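Step one of this worksheet: look at the structure below.
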Amino acid sequence: MLQQFKMPARKEVEQALLRVLFQRGGAITEFGSGEEIVNEMADEFGLTLDQRKAVLQTTYRAENRVKNSLLWHRLLFRAADVLANADMVSRPTQTVRLTKRKEWMLTEKGLDAAMRLSNISPARKESLPVKSFEVQKVVKSLVESTKPPDYDPVDRNKRVTQVTTESALRGRGFRQAVTEAYDLKCAVCGLKIWSPDYLSWEVQAAHIVPNRLLGRDDIWNGIAFCHLHHWAFDVGWFTLSEDFRIELSPQIGNFPASFGKVQNYDFIRALADESTKMFLPTPAEFRPDYRALRWHRDNIFSKSTNIKNITGTPCQR
Ligand SMILES: [Zn+2]
């Protein structure tokens, strides 16, 4: 039957499916015939209309009925089934428990394979926004956990010297949970942009108490910022009050008006504008914890604003 319609080999379909999952951020909805993804993959293989419409008839003798199914759809489903058996993707019945959506999702093993097939260096894995089943489990536990009343943004048991598989998964889970909570936007300037291939996001998940100082990898110790504002927050150009107002370092007054300007946009001073409010995540439980913000004010912001007697001018180049 497969020869007659010259359908692509199942192995090729499996590999194409892994690549498509990778391009789609790690997950695709369960496919039924005629769905977008089914047609897109048919396009990729250059299937003719006849091939797309070829029907496979299955006779169920015991029930005395004949079931017609599209051959291409069946081939796709079989490929996904094989990938699931090989632990490369999670089944929609498994994924739905994590995301509430019936999706095929890459596992870590499947993600590694998809990266190899897409010629993406393994070194990029940590910075890719592609989901995996294991990372999604971390995200689920982060977004569903309840903050203890005595929350401490510093994790005194945290080990930061050794990157283990577990800490790498936790780091990626933190990034995904935080950036999604902020709708992939910078919390102070609202910038929302990603690369044309959708594989690199401008928005970053910032630790309020930094990772190197044992800051927790959870939503209450995180904020999404663009690269510029992430840096400006980390070095103490601004901080956030416990009621999320933006406060600028008085140091800015020591520099000329041209300092910190990108054309007409003044990337630090613009934050002092009355109309600039921090973009807060929903639900409200995902907002930064006041103890983490207090830590930032006391340990980063206050220290950076106490420097007196600045001599010389910043490098002109
Ligand atoms: Zn920004």
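Identifiers in the structure tokens: chain A, B, ... in order shown; residue index from 1 per chain; ligand index from 1 in order shown.
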
### Query
If you count only C-alpha atoms and all ligand atoms, which residues end up within 10 Å of ligand 1, as a ChimeraX atom specification?
/A:185-192,202-204,224-232,267-268,271

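Surrounding region 130-147 of chain A within 6 Å are Gly25, Gly26, Leu106, Thr107, Glu108, Leu128, Leu169, Gly173 and Ala177 of chain A, with only C-alpha atoms counted and residues fewer than 2 positions along the same chain left out.
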
### Query
What does the distance from CA of Leu75 (chain A) to CA of Lys11 (chain A) come to in Å, to one decimal?
10.3 Å

#### Entry: Non-local contacts of region 292-297 of chain A (9 Å; only C-alpha atoms; under 2 positions in same chain excluded) as a PyMOL selection string
chain A and resi 152-154+208-209+215+220-222+233-234+236+238-242+244+288-290+299-303

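The interatomic distance for the pair CA of Ile246 (chain A) and CA of Phe259 (chain A) works out to 19.1 Å.
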
### Long-range neighbours of Leu83 (chain A) as an MDAnalysis selection string, 8 Å cut-off, only C-alpha atoms, 5 positions minimum in chain
chainID A and resid 14 88:89

Write a file of the selected residues as an mmCIF file, in the first residue's frame, keeping N, CA and C atoms.
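The file below, selection-v1.cif, is the result:
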```cif
data_model
loop_
_atom_site.group_PDB
_atom_site.id
_atom_site.type_symbol
_atom_site.label_atom_id
_atom_site.label_comp_id
_atom_site.auth_asym_id
_atom_site.auth_seq_id
_atom_site.Cartn_x
_atom_site.Cartn_y
_atom_site.Cartn_z
ATOM 1 N N GLU A 14 9.371 10.478 10.882
ATOM 2 C CA GLU A 14 9.763 10.645 12.293
ATOM 3 C C GLU A 14 10.732 11.810 12.446
ATOM 4 N N MET A 88 11.002 9.775 22.903
ATOM 5 C CA MET A 88 11.460 11.025 22.276
ATOM 6 C C MET A 88 10.397 12.116 22.370
ATOM 7 N N VAL A 89 9.146 11.714 22.497
ATOM 8 C CA VAL A 89 8.055 12.676 22.660
ATOM 9 C C VAL A 89 7.099 12.147 23.732
#
```

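Interatomic distance, CA of Val38 (chain A) to CA of Leu17 (chain A): 10.1 Å.
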
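Proximity ranking of A:Pro8, A:Pro250, A:Gly110, A:Pro92 relative to Leu21 (chain A) places A:Gly110 first, based on only C-alpha atoms.
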
### Task
Measuring atom to atom with only C-alpha atoms, identify which of A:Ile28, A:Ala114, A:Val13, A:Ala123 is nearest to His73 (chain A).
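Result for the nearest residue to His73 (chain A): A:Val13.
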
### Message
Taking the DSSP secondary structure from the backbone, can you list the residues of region 114-256 of chain A that are strand (DSSP E or B), as a VMD selection string?
### Response
chain A and resid 154 194 201 204 to 207 215 222 to 225 238 to 240 246 to 248

### Message
DSSP on the backbone, alpha helix (DSSP H) only: what residues of region 113-308 of chain A does that give? Format it as a PyMOL selection string.
### Response
chain A and resi 113-117+133-144+165-181+227-234+290-296+302-305

### Task
Using only C-alpha atoms, determine which residues lie at most 10 Å from Glu30 (chain A), disregarding the query and same-chain residues fewer than 6 positions distant; provide the list as a VMD selection string.
chain A and resid 37 77 80 91 to 93 101 to 105

### Query
Nearest to Glu40 (chain A) among A:Ala206, A:Leu56, A:Met278, A:Leu76, with distances taken over only C-alpha atoms: which residue is it?
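Of A:Ala206, A:Leu56, A:Met278, A:Leu76, the one nearest Glu40 (chain A) is A:Leu76, counting only C-alpha atoms.
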